Amino acid sequence: MKLKKALILLLLPLLLGGCWDSKEVQSINFVTAMGIDYVHHNYVVYAQILDFANLSKQEGPSDSPQESALVIGRGEGSSILSAINQLYPTSQQQTLWTHVKAVVLSKSVLDTKLSEVFNGLFRSGEMRYTSWVYGTDEDISSILSSKTLLNHSALSTNLFDPVRGYYQLSYVPPIRVIHLMKGIREPGSTVLLPAISSSNKTWTMNNKLLSLSSMNGLYVISKGKSWGRAEGEQLDGARYVNFDGFKQFPLEINDPVQGKAVVYLTKPKPKITLAESRGVIHTSIELGITGKINEIDHNSGISKEKIKELSRSKIKQQIIRNFELCKDKDLDLYGLEEILYRRNNKLWKKLPGHGQRPIIRRFELDQVAVNINVEDSNSYNLKLF
């Protein structure tokens, strides 16, 4: 009996879990961002690896605070997986893709290979659908090598944390991989993919421009490919009508008699109505929006009512102008085809070319109504992001 109990006690440790096969963080290459290009019928995959020991902000002064342990790998092959496999022989350690927080796609991928890229990427099961995703027409390695200001963590760039900047200035809405993939698969959907750049003309260090990432436009994705890019003033109308999570954006008012003012627009509530007649989709847009007066010229005599009138007129002009401009380029920035696809799928299917190219040219903007509630701003409206 004693021997039996002794044997049981000896065997019990075999049932316990252990860490015999675990590895330290420093012995694994964690890819934090990746880029994909398509050049000369080959896929090019870029992998960004950060030194986790240097991720936090360094304390104390530094002559070169922008220098951090950041490595870019490059693999090329006839398929996505063959390009990724080319990275492994020289990576020295095991490489994991489970921590990828951002994916950057080249213009050539957006134009021709978007569906193929995602089919290849997510077969391994390592990639996450929650990564931020961007498009670019610049060199991808330059994007992945972007720096930070004031020696901040390498993970605090726009590439990894686009939401805070978007809340402060809603210029281009960030999206995640899962939203892009859903848009590719839905035949009537349009996805606004942020364009990212490393061309900084604002911030310098020691009188030298820093390589900083920024969103500078949108690629309009529909039918599984990009149909073009919009930027600058071309985004003004869509910002109020079709930007998810819009927080605030300045509107400059300039009256030649009464003076200038700056109104921060927030809380847009668009309502879109569609009606078909003889193959033309007649569109009406009603927009309710709030504006906060943040700045008025010192010598200005402009009244609150005048600011409201000019704001309403300018927003209406922006919506109409941007609609016509993007319609001529087959860019459905307002997402009108998706609205038709979901509200009246039978009509959408009857329209010629509905499954091959955007049908935005069949839409006519008949009416735009803007109702703006203008409020005075004060110091108590300050928000910490």
# chains A, B, ... in the order shown; residues from 1 in each chain; ligands from 1
$ select_by_dssp --residues "region 210-367 of chain A" --states "strand (DSSP E)" --output "ChimeraX atom specification"
/A:214-222,225-230,249-255,259-277,280-296,363-367
$ select_by_dssp --residues "region 162-357 of chain A" --states "alpha helix (DSSP H)" --output "PyMOL selection string"
chain A and resi 162-168+177-185+236-242+304-327+336-343+345-350
$ closest_residue --among "A:Gly335, A:Gly259, A:Gly224, A:Gly232" --to "Ile302 (chain A)" --atoms "only C-alpha atoms"
A:Gly259
$ closest_residue --among "A:Asp111, A:Thr273, A:Glu364, A:Val172" --to "Arg343 (chain A)" --atoms "only C-alpha atoms"
A:Thr273
$ atom_distance --atom1 "CA of Leu110 (chain A)" --atom2 "CA of Asp37 (chain A)"
9.2 Å
$ residues_around --residues "Asn42 (chain A)" --least-positions-apart "2" --cutoff "8 Å" --atoms "only C-alpha atoms" --output "list of chain:residue names"
A:Tyr38, A:Val39, A:His40, A:Val44, A:Glu76, A:Gly77, A:Ser78, A:Ser79
$ atom_distance --atom1 "CA of Ala369 (chain A)" --atom2 "CA of Ile285 (chain A)"
6.3 Å
$ residues_around --residues "Ile359 (chain A)" --least-positions-apart "4" --cutoff "10 Å" --atoms "only C-alpha atoms" --output "list in words"
Gly188, Ile281, Lys327, Asp330, Leu331, Asp332, Leu336, Glu337, Trp348, Leu351, Pro352, Gly353, His354, Gly355 and Phe363 of chain A
$ write_last_selection --atoms "C-alpha atoms" --output "short mmCIF file (atom, residue, chain, number, x, y, z; two decimals), in the first residue's frame"
data_model
loop_
_atom_site.label_atom_id
_atom_site.label_comp_id
_atom_site.auth_asym_id
_atom_site.auth_seq_id
_atom_site.Cartn_x
_atom_site.Cartn_y
_atom_site.Cartn_z
CA GLY A 188 -21.72 47.41 -53.30
CA ILE A 281 -30.55 58.10 -58.82
CA LYS A 327 -18.10 61.84 -59.47
CA ASP A 330 -15.54 57.54 -60.35
CA LEU A 331 -14.77 58.17 -56.67
CA ASP A 332 -17.78 57.47 -54.48
CA LEU A 336 -23.93 56.39 -52.08
CA GLU A 337 -23.71 53.07 -53.95
CA TRP A 348 -28.90 48.16 -57.72
CA LEU A 351 -28.10 49.13 -63.12
CA PRO A 352 -25.54 48.27 -65.85
CA GLY A 353 -22.00 47.68 -64.63
CA HIS A 354 -23.01 47.41 -60.96
CA GLY A 355 -20.64 44.53 -60.27
CA PHE A 363 -26.24 59.66 -59.14
#
$ closest_residue --among "A:Leu105, A:Ile221, A:Ile140, A:Val263" --to "His179 (chain A)" --atoms "only C-alpha atoms"
A:Ile221
$ atom_distance --atom1 "CA of Tyr134 (chain A)" --atom2 "CA of Val103 (chain A)"
6.3 Å
$ residues_around --residues "Leu87 (chain A)" --least-positions-apart "6" --cutoff "12 Å" --atoms "only C-alpha atoms" --output "list in words"
Asn29, Val31, Val44, Val45, Tyr46, Ala47, Gln48, Ile49, Ile72, Gly73, Arg74, Gly75, Glu76, Gly77, Ile80, Leu81, Gln93, Gln94, Thr95 and Leu96 of chain A
$ write_last_selection --atoms "N, CA, C and O atoms" --output "PDB file, in the first residue's frame"
ATOM      1  N   ASN A  29      11.703  37.418 -32.461  1.00  0.00           N
ATOM      2  CA  ASN A  29      11.495  38.614 -33.285  1.00  0.00           C
ATOM      3  C   ASN A  29       9.997  38.856 -33.437  1.00  0.00           C
ATOM      4  O   ASN A  29       9.309  38.093 -34.127  1.00  0.00           O
ATOM      5  N   VAL A  31       7.237  40.986 -35.091  1.00  0.00           N
ATOM      6  CA  VAL A  31       6.992  41.952 -36.158  1.00  0.00           C
ATOM      7  C   VAL A  31       5.877  42.880 -35.706  1.00  0.00           C
ATOM      8  O   VAL A  31       4.776  42.429 -35.377  1.00  0.00           O
ATOM      9  N   VAL A  44       6.663  41.826 -52.634  1.00  0.00           N
ATOM     10  CA  VAL A  44       7.735  42.249 -51.743  1.00  0.00           C
ATOM     11  C   VAL A  44       7.117  42.518 -50.369  1.00  0.00           C
ATOM     12  O   VAL A  44       6.206  43.337 -50.245  1.00  0.00           O
ATOM     13  N   VAL A  45       7.606  41.815 -49.357  1.00  0.00           N
ATOM     14  CA  VAL A  45       7.085  41.954 -48.002  1.00  0.00           C
ATOM     15  C   VAL A  45       8.143  42.620 -47.125  1.00  0.00           C
ATOM     16  O   VAL A  45       9.302  42.182 -47.088  1.00  0.00           O
ATOM     17  N   TYR A  46       7.737  43.671 -46.424  1.00  0.00           N
ATOM     18  CA  TYR A  46       8.612  44.364 -45.483  1.00  0.00           C
ATOM     19  C   TYR A  46       8.137  44.057 -44.063  1.00  0.00           C
ATOM     20  O   TYR A  46       6.928  44.066 -43.792  1.00  0.00           O
ATOM     21  N   ALA A  47       9.074  43.783 -43.177  1.00  0.00           N
ATOM     22  CA  ALA A  47       8.750  43.501 -41.773  1.00  0.00           C
ATOM     23  C   ALA A  47       9.520  44.446 -40.873  1.00  0.00           C
ATOM     24  O   ALA A  47      10.740  44.559 -40.983  1.00  0.00           O
ATOM     25  N   GLN A  48       8.807  45.125 -39.987  1.00  0.00           N
ATOM     26  CA  GLN A  48       9.440  46.030 -39.016  1.00  0.00           C
ATOM     27  C   GLN A  48       9.523  45.332 -37.667  1.00  0.00           C
ATOM     28  O   GLN A  48       8.528  44.821 -37.154  1.00  0.00           O
ATOM     29  N   ILE A  49      10.731  45.301 -37.109  1.00  0.00           N
ATOM     30  CA  ILE A  49      10.966  44.689 -35.795  1.00  0.00           C
ATOM     31  C   ILE A  49      11.531  45.750 -34.864  1.00  0.00           C
ATOM     32  O   ILE A  49      12.488  46.441 -35.205  1.00  0.00           O
ATOM     33  N   ILE A  72      14.303  46.815 -40.359  1.00  0.00           N
ATOM     34  CA  ILE A  72      13.374  46.534 -41.446  1.00  0.00           C
ATOM     35  C   ILE A  72      13.899  45.355 -42.258  1.00  0.00           C
ATOM     36  O   ILE A  72      15.027  45.387 -42.770  1.00  0.00           O
ATOM     37  N   GLY A  73      13.103  44.309 -42.374  1.00  0.00           N
ATOM     38  CA  GLY A  73      13.452  43.168 -43.208  1.00  0.00           C
ATOM     39  C   GLY A  73      12.712  43.229 -44.532  1.00  0.00           C
ATOM     40  O   GLY A  73      11.621  43.803 -44.618  1.00  0.00           O
ATOM     41  N   ARG A  74      13.297  42.622 -45.580  1.00  0.00           N
ATOM     42  CA  ARG A  74      12.682  42.643 -46.917  1.00  0.00           C
ATOM     43  C   ARG A  74      12.789  41.259 -47.549  1.00  0.00           C
ATOM     44  O   ARG A  74      13.868  40.683 -47.645  1.00  0.00           O
ATOM     45  N   GLY A  75      11.648  40.717 -47.959  1.00  0.00           N
ATOM     46  CA  GLY A  75      11.617  39.431 -48.643  1.00  0.00           C
ATOM     47  C   GLY A  75      10.839  39.546 -49.933  1.00  0.00           C
ATOM     48  O   GLY A  75       9.887  40.322 -50.020  1.00  0.00           O
ATOM     49  N   GLU A  76      11.212  38.797 -50.927  1.00  0.00           N
ATOM     50  CA  GLU A  76      10.570  38.884 -52.241  1.00  0.00           C
ATOM     51  C   GLU A  76      10.298  37.480 -52.767  1.00  0.00           C
ATOM     52  O   GLU A  76      11.114  36.560 -52.611  1.00  0.00           O
ATOM     53  N   GLY A  77       9.127  37.314 -53.378  1.00  0.00           N
ATOM     54  CA  GLY A  77       8.780  36.011 -53.927  1.00  0.00           C
ATOM     55  C   GLY A  77       7.576  36.096 -54.843  1.00  0.00           C
ATOM     56  O   GLY A  77       6.925  37.138 -54.961  1.00  0.00           O
ATOM     57  N   ILE A  80       2.800  35.756 -51.547  1.00  0.00           N
ATOM     58  CA  ILE A  80       2.987  36.404 -50.245  1.00  0.00           C
ATOM     59  C   ILE A  80       3.785  35.501 -49.301  1.00  0.00           C
ATOM     60  O   ILE A  80       4.753  35.935 -48.660  1.00  0.00           O
ATOM     61  N   LEU A  81       3.397  34.247 -49.220  1.00  0.00           N
ATOM     62  CA  LEU A  81       4.066  33.347 -48.276  1.00  0.00           C
ATOM     63  C   LEU A  81       5.508  33.061 -48.685  1.00  0.00           C
ATOM     64  O   LEU A  81       6.382  32.919 -47.819  1.00  0.00           O
ATOM     65  N   GLN A  93      16.449  34.333 -35.224  1.00  0.00           N
ATOM     66  CA  GLN A  93      15.585  33.802 -34.178  1.00  0.00           C
ATOM     67  C   GLN A  93      14.191  33.571 -34.746  1.00  0.00           C
ATOM     68  O   GLN A  93      13.903  33.947 -35.886  1.00  0.00           O
ATOM     69  N   GLN A  94      13.352  32.963 -33.953  1.00  0.00           N
ATOM     70  CA  GLN A  94      11.977  32.753 -34.375  1.00  0.00           C
ATOM     71  C   GLN A  94      11.288  34.095 -34.595  1.00  0.00           C
ATOM     72  O   GLN A  94      11.453  35.035 -33.821  1.00  0.00           O
ATOM     73  N   THR A  95      10.522  34.186 -35.681  1.00  0.00           N
ATOM     74  CA  THR A  95       9.822  35.430 -36.029  1.00  0.00           C
ATOM     75  C   THR A  95       8.319  35.208 -35.929  1.00  0.00           C
ATOM     76  O   THR A  95       7.780  34.287 -36.540  1.00  0.00           O
ATOM     77  N   LEU A  96       7.656  36.056 -35.139  1.00  0.00           N
ATOM     78  CA  LEU A  96       6.211  35.945 -34.942  1.00  0.00           C
ATOM     79  C   LEU A  96       5.490  37.158 -35.519  1.00  0.00           C
ATOM     80  O   LEU A  96       5.974  38.291 -35.415  1.00  0.00           O
TER      81      LEU A  96
END
$ closest_atom_pairs --of "region 77-188 of chain A" --to "region 212-216 of chain A" --cutoff "7 Å" --atoms "only C-alpha atoms" --output "tab-separated table"
residue	atom	partner	partner_atom	distance
A:Ile143	CA	A:Ser213	CA	6.5
A:Ser146	CA	A:Leu212	CA	5.0
A:Lys147	CA	A:Leu212	CA	5.4
A:Thr148	CA	A:Leu212	CA	6.7
A:Asn158	CA	A:Ser213	CA	6.1
A:Leu159	CA	A:Ser213	CA	6.8
A:Val172	CA	A:Met215	CA	6.5
$ closest_residue --among "A:Ala230, A:Val370, A:Leu333, A:Leu274" --to "Leu287 (chain A)" --atoms "only C-alpha atoms"
A:Val370
$ residues_around --residues "Phe160 (chain A)" --least-positions-apart "6" --cutoff "8 Å" --atoms "only C-alpha atoms" --output "list of chain:residue names"
A:Lys101, A:Ala102, A:Trp132
$ residues_around --residues "Lys247 (chain A)" --least-positions-apart "5" --cutoff "10 Å" --atoms "only C-alpha atoms" --output "ChimeraX atom specification"
/A:166-171,264-268
$ decode --residues "region 279-322 of chain A" --atoms "N, CA and C atoms" --output "PDB file, in the first residue's frame"
ATOM      1  N   GLY A 279     -33.452  55.560 -64.614  1.00  0.00           N
ATOM      2  CA  GLY A 279     -32.060  55.126 -64.511  1.00  0.00           C
ATOM      3  C   GLY A 279     -31.149  56.098 -63.792  1.00  0.00           C
ATOM      4  N   VAL A 280     -31.673  57.242 -63.340  1.00  0.00           N
ATOM      5  CA  VAL A 280     -30.885  58.227 -62.603  1.00  0.00           C
ATOM      6  C   VAL A 280     -31.285  58.170 -61.131  1.00  0.00           C
ATOM      7  N   ILE A 281     -30.294  58.137 -60.261  1.00  0.00           N
ATOM      8  CA  ILE A 281     -30.554  58.101 -58.819  1.00  0.00           C
ATOM      9  C   ILE A 281     -30.462  59.524 -58.280  1.00  0.00           C
ATOM     10  N   HIS A 282     -31.607  60.101 -57.982  1.00  0.00           N
ATOM     11  CA  HIS A 282     -31.652  61.465 -57.464  1.00  0.00           C
ATOM     12  C   HIS A 282     -31.380  61.451 -55.955  1.00  0.00           C
ATOM     13  N   THR A 283     -30.450  62.294 -55.552  1.00  0.00           N
ATOM     14  CA  THR A 283     -29.938  62.261 -54.183  1.00  0.00           C
ATOM     15  C   THR A 283     -30.201  63.573 -53.465  1.00  0.00           C
ATOM     16  N   SER A 284     -30.657  63.451 -52.228  1.00  0.00           N
ATOM     17  CA  SER A 284     -30.823  64.618 -51.357  1.00  0.00           C
ATOM     18  C   SER A 284     -30.046  64.378 -50.069  1.00  0.00           C
ATOM     19  N   ILE A 285     -29.332  65.412 -49.629  1.00  0.00           N
ATOM     20  CA  ILE A 285     -28.544  65.317 -48.399  1.00  0.00           C
ATOM     21  C   ILE A 285     -28.987  66.393 -47.427  1.00  0.00           C
ATOM     22  N   GLU A 286     -29.392  65.972 -46.243  1.00  0.00           N
ATOM     23  CA  GLU A 286     -29.702  66.898 -45.155  1.00  0.00           C
ATOM     24  C   GLU A 286     -28.644  66.715 -44.071  1.00  0.00           C
ATOM     25  N   LEU A 287     -28.023  67.798 -43.674  1.00  0.00           N
ATOM     26  CA  LEU A 287     -26.937  67.721 -42.695  1.00  0.00           C
ATOM     27  C   LEU A 287     -27.227  68.632 -41.514  1.00  0.00           C
ATOM     28  N   GLY A 288     -27.237  68.031 -40.338  1.00  0.00           N
ATOM     29  CA  GLY A 288     -27.262  68.804 -39.108  1.00  0.00           C
ATOM     30  C   GLY A 288     -25.878  68.749 -38.479  1.00  0.00           C
ATOM     31  N   ILE A 289     -25.361  69.879 -38.039  1.00  0.00           N
ATOM     32  CA  ILE A 289     -23.989  69.912 -37.522  1.00  0.00           C
ATOM     33  C   ILE A 289     -23.853  71.041 -36.498  1.00  0.00           C
ATOM     34  N   THR A 290     -22.918  70.886 -35.588  1.00  0.00           N
ATOM     35  CA  THR A 290     -22.663  71.889 -34.558  1.00  0.00           C
ATOM     36  C   THR A 290     -21.338  72.580 -34.831  1.00  0.00           C
ATOM     37  N   GLY A 291     -21.316  73.879 -34.645  1.00  0.00           N
ATOM     38  CA  GLY A 291     -20.089  74.645 -34.817  1.00  0.00           C
ATOM     39  C   GLY A 291     -19.781  75.467 -33.574  1.00  0.00           C
ATOM     40  N   LYS A 292     -18.517  75.431 -33.149  1.00  0.00           N
ATOM     41  CA  LYS A 292     -18.097  76.217 -31.992  1.00  0.00           C
ATOM     42  C   LYS A 292     -17.127  77.307 -32.448  1.00  0.00           C
ATOM     43  N   ILE A 293     -17.441  78.551 -32.118  1.00  0.00           N
ATOM     44  CA  ILE A 293     -16.605  79.677 -32.523  1.00  0.00           C
ATOM     45  C   ILE A 293     -15.341  79.684 -31.668  1.00  0.00           C
ATOM     46  N   ASN A 294     -14.205  79.389 -32.301  1.00  0.00           N
ATOM     47  CA  ASN A 294     -12.947  79.315 -31.562  1.00  0.00           C
ATOM     48  C   ASN A 294     -12.055  80.526 -31.747  1.00  0.00           C
ATOM     49  N   GLU A 295     -12.277  81.280 -32.814  1.00  0.00           N
ATOM     50  CA  GLU A 295     -11.386  82.409 -33.076  1.00  0.00           C
ATOM     51  C   GLU A 295     -12.120  83.473 -33.888  1.00  0.00           C
ATOM     52  N   ILE A 296     -11.941  84.728 -33.498  1.00  0.00           N
ATOM     53  CA  ILE A 296     -12.472  85.874 -34.240  1.00  0.00           C
ATOM     54  C   ILE A 296     -11.387  86.948 -34.283  1.00  0.00           C
ATOM     55  N   ASP A 297     -11.231  87.591 -35.409  1.00  0.00           N
ATOM     56  CA  ASP A 297     -10.255  88.675 -35.527  1.00  0.00           C
ATOM     57  C   ASP A 297     -10.490  89.723 -34.444  1.00  0.00           C
ATOM     58  N   HIS A 298      -9.386  90.263 -33.916  1.00  0.00           N
ATOM     59  CA  HIS A 298      -9.476  91.231 -32.822  1.00  0.00           C
ATOM     60  C   HIS A 298     -10.335  92.439 -33.210  1.00  0.00           C
ATOM     61  N   ASN A 299     -10.202  92.895 -34.437  1.00  0.00           N
ATOM     62  CA  ASN A 299     -10.947  94.087 -34.878  1.00  0.00           C
ATOM     63  C   ASN A 299     -12.198  93.722 -35.665  1.00  0.00           C
ATOM     64  N   SER A 300     -12.604  92.441 -35.574  1.00  0.00           N
ATOM     65  CA  SER A 300     -13.745  91.992 -36.369  1.00  0.00           C
ATOM     66  C   SER A 300     -15.062  92.405 -35.719  1.00  0.00           C
ATOM     67  N   GLY A 301     -15.998  92.768 -36.571  1.00  0.00           N
ATOM     68  CA  GLY A 301     -17.337  93.076 -36.086  1.00  0.00           C
ATOM     69  C   GLY A 301     -18.343  92.041 -36.534  1.00  0.00           C
ATOM     70  N   ILE A 302     -17.864  90.883 -36.927  1.00  0.00           N
ATOM     71  CA  ILE A 302     -18.741  89.853 -37.460  1.00  0.00           C
ATOM     72  C   ILE A 302     -19.636  89.292 -36.350  1.00  0.00           C
ATOM     73  N   SER A 303     -20.904  89.152 -36.669  1.00  0.00           N
ATOM     74  CA  SER A 303     -21.878  88.701 -35.680  1.00  0.00           C
ATOM     75  C   SER A 303     -22.026  87.177 -35.706  1.00  0.00           C
ATOM     76  N   LYS A 304     -22.632  86.669 -34.660  1.00  0.00           N
ATOM     77  CA  LYS A 304     -22.870  85.224 -34.575  1.00  0.00           C
ATOM     78  C   LYS A 304     -23.798  84.747 -35.680  1.00  0.00           C
ATOM     79  N   GLU A 305     -24.802  85.535 -35.990  1.00  0.00           N
ATOM     80  CA  GLU A 305     -25.739  85.168 -37.061  1.00  0.00           C
ATOM     81  C   GLU A 305     -25.052  85.153 -38.415  1.00  0.00           C
ATOM     82  N   LYS A 306     -24.137  86.103 -38.621  1.00  0.00           N
ATOM     83  CA  LYS A 306     -23.401  86.139 -39.885  1.00  0.00           C
ATOM     84  C   LYS A 306     -22.480  84.927 -40.004  1.00  0.00           C
ATOM     85  N   ILE A 307     -21.840  84.558 -38.897  1.00  0.00           N
ATOM     86  CA  ILE A 307     -20.983  83.370 -38.891  1.00  0.00           C
ATOM     87  C   ILE A 307     -21.811  82.123 -39.228  1.00  0.00           C
ATOM     88  N   LYS A 308     -22.994  82.043 -38.660  1.00  0.00           N
ATOM     89  CA  LYS A 308     -23.874  80.913 -38.932  1.00  0.00           C
ATOM     90  C   LYS A 308     -24.283  80.868 -40.399  1.00  0.00           C
ATOM     91  N   GLU A 309     -24.626  82.008 -40.945  1.00  0.00           N
ATOM     92  CA  GLU A 309     -25.043  82.083 -42.354  1.00  0.00           C
ATOM     93  C   GLU A 309     -23.903  81.693 -43.295  1.00  0.00           C
ATOM     94  N   LEU A 310     -22.707  82.238 -43.034  1.00  0.00           N
ATOM     95  CA  LEU A 310     -21.563  81.949 -43.899  1.00  0.00           C
ATOM     96  C   LEU A 310     -21.105  80.495 -43.757  1.00  0.00           C
ATOM     97  N   SER A 311     -21.193  79.960 -42.545  1.00  0.00           N
ATOM     98  CA  SER A 311     -20.814  78.570 -42.324  1.00  0.00           C
ATOM     99  C   SER A 311     -21.742  77.631 -43.081  1.00  0.00           C
ATOM    100  N   ARG A 312     -23.038  77.897 -42.984  1.00  0.00           N
ATOM    101  CA  ARG A 312     -24.013  77.066 -43.688  1.00  0.00           C
ATOM    102  C   ARG A 312     -23.767  77.094 -45.194  1.00  0.00           C
ATOM    103  N   SER A 313     -23.521  78.272 -45.720  1.00  0.00           N
ATOM    104  CA  SER A 313     -23.298  78.417 -47.157  1.00  0.00           C
ATOM    105  C   SER A 313     -22.015  77.715 -47.609  1.00  0.00           C
ATOM    106  N   LYS A 314     -20.951  77.838 -46.824  1.00  0.00           N
ATOM    107  CA  LYS A 314     -19.679  77.243 -47.220  1.00  0.00           C
ATOM    108  C   LYS A 314     -19.729  75.717 -47.161  1.00  0.00           C
ATOM    109  N   ILE A 315     -20.357  75.180 -46.129  1.00  0.00           N
ATOM    110  CA  ILE A 315     -20.475  73.725 -46.023  1.00  0.00           C
ATOM    111  C   ILE A 315     -21.282  73.175 -47.195  1.00  0.00           C
ATOM    112  N   LYS A 316     -22.363  73.850 -47.541  1.00  0.00           N
ATOM    113  CA  LYS A 316     -23.192  73.410 -48.670  1.00  0.00           C
ATOM    114  C   LYS A 316     -22.392  73.435 -49.971  1.00  0.00           C
ATOM    115  N   GLN A 317     -21.622  74.477 -50.186  1.00  0.00           N
ATOM    116  CA  GLN A 317     -20.789  74.561 -51.390  1.00  0.00           C
ATOM    117  C   GLN A 317     -19.745  73.449 -51.418  1.00  0.00           C
ATOM    118  N   GLN A 318     -19.156  73.148 -50.283  1.00  0.00           N
ATOM    119  CA  GLN A 318     -18.151  72.080 -50.222  1.00  0.00           C
ATOM    120  C   GLN A 318     -18.757  70.730 -50.594  1.00  0.00           C
ATOM    121  N   ILE A 319     -19.942  70.439 -50.080  1.00  0.00           N
ATOM    122  CA  ILE A 319     -20.592  69.159 -50.368  1.00  0.00           C
ATOM    123  C   ILE A 319     -20.904  69.033 -51.851  1.00  0.00           C
ATOM    124  N   ILE A 320     -21.434  70.093 -52.442  1.00  0.00           N
ATOM    125  CA  ILE A 320     -21.795  70.054 -53.868  1.00  0.00           C
ATOM    126  C   ILE A 320     -20.549  69.968 -54.737  1.00  0.00           C
ATOM    127  N   ARG A 321     -19.558  70.804 -54.444  1.00  0.00           N
ATOM    128  CA  ARG A 321     -18.335  70.834 -55.264  1.00  0.00           C
ATOM    129  C   ARG A 321     -17.593  69.507 -55.203  1.00  0.00           C
ATOM    130  N   ASN A 322     -17.446  68.957 -54.011  1.00  0.00           N
ATOM    131  CA  ASN A 322     -16.713  67.702 -53.881  1.00  0.00           C
ATOM    132  C   ASN A 322     -17.445  66.540 -54.518  1.00  0.00           C
TER     133      ASN A 322
END
